There are 6 protein chains.
Amino acid sequence: MTIRSDGRAVDSLRKINIIENYISSSESSILIEFGHTRVLCNTTVDLKVPIWLKGKGSGWVTAEYSLLPRSTPQRVRRERGSVSGRTQEIQRLIGRALRGVCDLSLLGERTVTIDCDVIEADGGTRTASVVGGFLSLVKALRAIKFKNGDKSIIKSWLSAISVGVVNDTPMLDLCYTEDVAASVDMNVVMNDKNEFVEVQGTGEEATYSRETLNRLLDLAETGCGQIIDIQKECLGDSLP
Amino acid sequence: MTIRSDGRAVDSLRKINIIENYISSSESSILIEFGHTRVLCNTTVDLKVPIWLKGKGSGWVTAEYSLLPRSTPQRVRRERGSVSGRTQEIQRLIGRALRGVCDLSLLGERTVTIDCDVIEADGGTRTASVVGGFLSLVKALRAIKFKNGDKSIIKSWLSAISVGVVNDTPMLDLCYTEDVAASVDMNVVMNDKNEFVEVQGTGEEATYSRETLNRLLDLAETGCGQIIDIQKECLGDSLP
Amino acid sequence: MTIRSDGRAVDSLRKINIIENYISSSESSILIEFGHTRVLCNTTVDLKVPIWLKGKGSGWVTAEYSLLPRSTPQRVRRERGSVSGRTQEIQRLIGRALRGVCDLSLLGERTVTIDCDVIEADGGTRTASVVGGFLSLVKALRAIKFKNGDKSIIKSWLSAISVGVVNDTPMLDLCYTEDVAASVDMNVVMNDKNEFVEVQGTGEEATYSRETLNRLLDLAETGCGQIIDIQKECLGDSLP
Amino acid sequence: MTIRSDGRAVDSLRKINIIENYISSSESSILIEFGHTRVLCNTTVDLKVPIWLKGKGSGWVTAEYSLLPRSTPQRVRRERGSVSGRTQEIQRLIGRALRGVCDLSLLGERTVTIDCDVIEADGGTRTASVVGGFLSLVKALRAIKFKNGDKSIIKSWLSAISVGVVNDTPMLDLCYTEDVAASVDMNVVMNDKNEFVEVQGTGEEATYSRETLNRLLDLAETGCGQIIDIQKECLGDSLP
Amino acid sequence: MTIRSDGRAVDSLRKINIIENYISSSESSILIEFGHTRVLCNTTVDLKVPIWLKGKGSGWVTAEYSLLPRSTPQRVRRERGSVSGRTQEIQRLIGRALRGVCDLSLLGERTVTIDCDVIEADGGTRTASVVGGFLSLVKALRAIKFKNGDKSIIKSWLSAISVGVVNDTPMLDLCYTEDVAASVDMNVVMNDKNEFVEVQGTGEEATYSRETLNRLLDLAETGCGQIIDIQKECLGDSLP
Amino acid sequence: MTIRSDGRAVDSLRKINIIENYISSSESSILIEFGHTRVLCNTTVDLKVPIWLKGKGSGWVTAEYSLLPRSTPQRVRRERGSVSGRTQEIQRLIGRALRGVCDLSLLGERTVTIDCDVIEADGGTRTASVVGGFLSLVKALRAIKFKNGDKSIIKSWLSAISVGVVNDTPMLDLCYTEDVAASVDMNVVMNDKNEFVEVQGTGEEATYSRETLNRLLDLAETGCGQIIDIQKECLGDSLP
């Protein structure tokens, strides 16, 4: 049986840690940790919407993502001149994932922005951002008095995890060294009914069979279920 | 049975048209058409590599993607100040897809750039770019005398297609109006052994079941197979 | 007598080809060819005007110009960070030329944008853009119902051509290799009354006499007249 | 006697907290807290120098500063297009302050970069950055084996604090609400010999007398002395 | 006794020259010279205010600063892509200094912009900009008919000068070669009551004692007083 | 007979004034005035060439042009984010004009940059820049010891002037109010043999006949001749 660098089984998650109210200056603030990966997810609610939504009574949910320069072993430059394709891809994914479980028409003319700032990066920062971002979003919405009540804005629980193929072995929740060595890299975003919000599976100068795809989705399903259990410990069983 | 706006069956491709040597100023030039969608794919081969590959004897394959301003019914602004997240996502996908079937170590210190310029956009421009880009790449490599021969640089045929769920019906090769109405949008890149290079499936403020995922992948497999048959008519049965 | 690389006489135009309705997504679309030079000219009409014209009842005509990266034998970089001086000069020239034959006060509060995208470049792309842009503009205006009728918005026919001195010989309609070798390079924009809209004559690290200037203008006058005849075949004898 | 919003005396510092090794991916990592103000100071050492220092055997110390978007009660935009004057001023000040106590000629051809990322901002972020940055710098240098030993690179201890005039009362270590209300705002950087590295005192649409200046410098001297005592608890009494 | 390169005593100003109405196209125009340092200060008054002041009845005073490329012995590049930290620091200082002696609430909803363009730079350009900018500002305000009269908008005279320590000697009004050699560099902005608007004293990889600070402030006080006398020759004794 | 706003005849130049050595920090410095139009032309000589000229033994001459914000009655914004098409067109024209009379192969691997900064703008700034730039260039070259002597680098005298049609009357040397009212605007650059370096004639939403073109060129020829006489008073009769 495959032994991973940190002794985990191939279908095990890293230790997940959630710190609520990490800072006091934002509407809601979550620091989420998957092993060494740490992401600070702060939520902002504005009473305005992007131009294309004005006057439609509907709201918007969006995300920004950034690596602190020394979140990684090699310092990365601040994206002060332009934003890299990688960053844009990731923050678009986070925003889409969150919108996938929101009924924006119930939000009113509000824009909710989730800032995901990576304090330390050891693989899986984008899926950790989705998980921490969801917690931060729910807590921020709970603090708002909606005219029509707010139970139904969040349609379901949301989870996300990375899976991949390392040394021909499908694995759950890759750390950085596994991610670098992976021939297939997949990010899966799911709700609590085992439905997908997003599947992104990429061969890294490699291809993969339908059978491998299915094994990876099985692993992701297991992992996402466990993450939702942890989220419920934090938020309670019922959504806002 | 579902009838689509253009009368196609749900598992039918649009008419595909390939014009070789569309312009005479580039190493190879392919104009590919999927119905009204038209993409011009020109290849450039340079005898240099990005900094991180220097001195390693290996090459690089990359792509750029752009919409002409009036390729769409509403004019889109030229990306002259900065490149949008959407454009970056797409050109990264095209490049990754092409590298997925290349043995870059056999390419020598060359950078191959595939420019995919969308003349007219009616849905599926990114997958059409992969298909046309592959043809253009193969033709450009055929024109090069490699020291070690070149049979093996291209490891397999490459195809790509969009699938999605429109009005609860999974469909193959979405045109623009179907794409806008889709609750699930998926792009699939495959080789000729029914293996995946990339799967990107997104719920548009919606989720989808594993069963739907499987039906979409079946449709994509059918479509990609037919596209490879058409590519072989153009390039002949054997790769470069 | 001087024989040119393609066998033309010094006072001969290259073969001109006009493809109408090249794409279906824009208000009007013209692909114009001068020999190998091919420019796609698409027109967009918006019901708004630049700030400085607001509330004056008058309209605006403007142009954008861009080279596809492989329109040239050496790939040119996309102008995604900033726009080069050359590009700005050319698109300002095209816009000015078109406005030179328009009565903007009759256009109403509309902005007409002509996108000139060079598919293949073999010299004379800016003058080809003026000629193709004029055709595209006229066709787009014909499709609009103007309150006051629209006969007089276009005040006259518009043509443009490059001339130059190559090996001490004044020539009409330079191709790329002639353009590179020219000591004097001149672009002339004229209407159908042999009047000038624009004359731009530049010595390339060289000077030229008044006599040469006159010979070049004679050539341009001949060429512009022939081009207007070809435009009339496309649009009919009467302007909108 | 003046009572401040948090009950402090006018000459009292807020509670200072220092967390060492906050993240594990950088050469040295300090999270410093002055009350609610929290700044993460990570150090990077590169074996190269800016162009103007090449070949001179000397090194360089520089700093970058950034506010996380929700470090403040009102979200601030990420500086992705350009860097604000305020940010540039602050990071130049931090770098100058650190260089003020370094003998760069003993550093060898190294660039040391201190990243100061503000997690939460409640006034005094620039002086907290100097204090935390100094700790992070010293710890990073201690980890390097210098050929000539390294005792003398750091010439003295370094401290910094803000002082200001609020409601006509000079005060030490302003929090955000005091900073906003201040008529005079002064930042003072000192070493452990009561010498200045930098004094920046600004009237906010106001002026101040020489007497007030002297009272503010007295307060700063007291505060800086106490901060150096706290730094010594963290680093030990002797500098590297 | 120390002899300076141009023969001045350590507490002497360079020759100051003021040319009024240097250009005729702006509301007021001052060319000010401190020795070889020459700065052109032009004022613009607009009947609008920045967004954050709209509807409050108050005005704004701001400044821009720029070096002409050959104002310096080594050509400096034009800041056409982005503005350097140094330039931003300086123009923020000039604006703050001018606002320090203005009662903006009496200005009405006007923005006054002082453009300080350095024609020739021989040290002290930022303080020369404050001095010339003040003159230009006062002359521009005199030309405006204020509803409530305008005597009190300018609350006091404003002056500024650089001082520093060169070869261990505190000196007044440093020229460029002195500035480069200085271990301490200080800019002081004062009004005519010997009060400070701004003090910025920086050790250049050095520190300085409180005693030195006091000696530098004494020199600055002397210099600023003399400059105000010269300003009064230009503007007359009473402010607008 | 037409009387112009300043009383000049239609074929009269404004008063031209040349101030040599205007600033002392550059290789050569000329302030040139055409009436109220004032341009400062400073020259820089660098011992390097652009990449495309490296190793060819030849040099380069280039120009930069900029309006000071209040050189115009309405303040223009500094071009700090991007450079306008107008500015680019003008500085390209100035550079081409100067190269038109230089033998770059005799210059050695040097880049000569002429900075043309407009202090006050009253029409004709680009042609004034060519005239002042030529003087500054010649003076800078005279100061260089060339190995092969330097007589022949400058091949001829260079002059430039604007002409135009105002109220149906062709005129020489338009001031700003005439320029705004002109239906045809032409800039002409000539050498001392009555040869053209550049002719740029533009109808402003208007057209012009060949006869008008000829009249404008006659005026330009007269004006350029007079300007060369004035240049000779400044530089002496023989070129370097």
# chains A, B, ... in the order shown; residues from 1 in each chain; ligands from 1
>>> residues_around(residues="segment 125-138 of chain E", least_positions_apart="3", cutoff="9 Å", atoms="only C-alpha atoms", output="NGL selection string")
:E and (18 or 20 or 27-34 or 37-44 or 63 or 65 or 90-91 or 93-95 or 97-98 or 112-118 or 120-122 or 141-143 or 154 or 157-162 or 187-189 or 227-228 or 231 or 234-235 or 239-240)
>>> interface_residues(of="chain D", to="chain E", cutoff="10 Å", atoms="only C-alpha atoms", output="number ranges by chain")
D: 81-93, 96-104, 155, 184-191, 193-214, 217
>>> select_by_dssp(residues="segment 17-236 of chain E", states="alpha helix (DSSP H)", output="VMD selection string")
chain E and resid 85 to 99 125 to 142 176 to 181 210 to 235
>>> atom_distance(atom1="atom CA of Ile16 of chain C", atom2="atom CA of Glu64 of chain C")
22.0 Å
>>> residues_around(residues="Asp179 of chain F", least_positions_apart="6", cutoff="9 Å", atoms="only C-alpha atoms", output="ChimeraX atom specification")
/F:123-124,164-166,185
>>> atom_distance(atom1="atom CA of Asp173 of chain F", atom2="atom CA of Arg4 of chain F")
11.2 Å
>>> residues_around(residues="Gly57 of chain B", least_positions_apart="3", cutoff="7 Å", atoms="only C-alpha atoms", output="tab-separated table (two decimals) with all heavy atoms, in the first residue's frame")
chain	number	residue	atom	x	y	z
B	105	SER	N	10.35	17.01	-25.06
B	105	SER	CA	11.79	16.74	-25.01
B	105	SER	C	12.35	16.44	-26.40
B	105	SER	O	13.55	16.54	-26.63
B	105	SER	CB	12.08	15.59	-24.05
B	105	SER	OG	11.57	14.38	-24.60
B	108	GLY	N	13.43	19.85	-29.27
B	108	GLY	CA	14.61	20.72	-29.30
B	108	GLY	C	14.28	22.07	-28.70
B	108	GLY	O	13.13	22.31	-28.30
B	109	GLU	N	15.25	22.97	-28.66
B	109	GLU	CA	14.98	24.27	-28.02
B	109	GLU	C	14.19	25.18	-28.96
B	109	GLU	O	14.72	26.14	-29.53
B	109	GLU	CB	16.30	24.90	-27.53
B	109	GLU	CG	16.99	24.06	-26.46
B	109	GLU	CD	17.60	24.85	-25.31
B	109	GLU	OE1	17.83	26.06	-25.49
B	109	GLU	OE2	17.85	24.25	-24.23
>>> select_by_dssp(residues="segment 58-90 of chain A", states="strand (DSSP E)", output="PyMOL selection string")
chain A and resi 60-67
>>> write_last_selection(atoms="C-alpha atoms", output="mmCIF file, in the first residue's frame")
data_model
loop_
_atom_site.group_PDB
_atom_site.id
_atom_site.type_symbol
_atom_site.label_atom_id
_atom_site.label_comp_id
_atom_site.auth_asym_id
_atom_site.auth_seq_id
_atom_site.Cartn_x
_atom_site.Cartn_y
_atom_site.Cartn_z
ATOM 1 C CA TRP A 60 -23.863 39.183 -6.919
ATOM 2 C CA VAL A 61 -21.220 37.068 -5.208
ATOM 3 C CA THR A 62 -17.594 37.360 -6.230
ATOM 4 C CA ALA A 63 -14.146 36.446 -4.917
ATOM 5 C CA GLU A 64 -10.587 37.690 -5.003
ATOM 6 C CA TYR A 65 -7.584 35.466 -4.421
ATOM 7 C CA SER A 66 -3.985 36.360 -3.700
ATOM 8 C CA LEU A 67 -0.822 34.678 -2.522
#
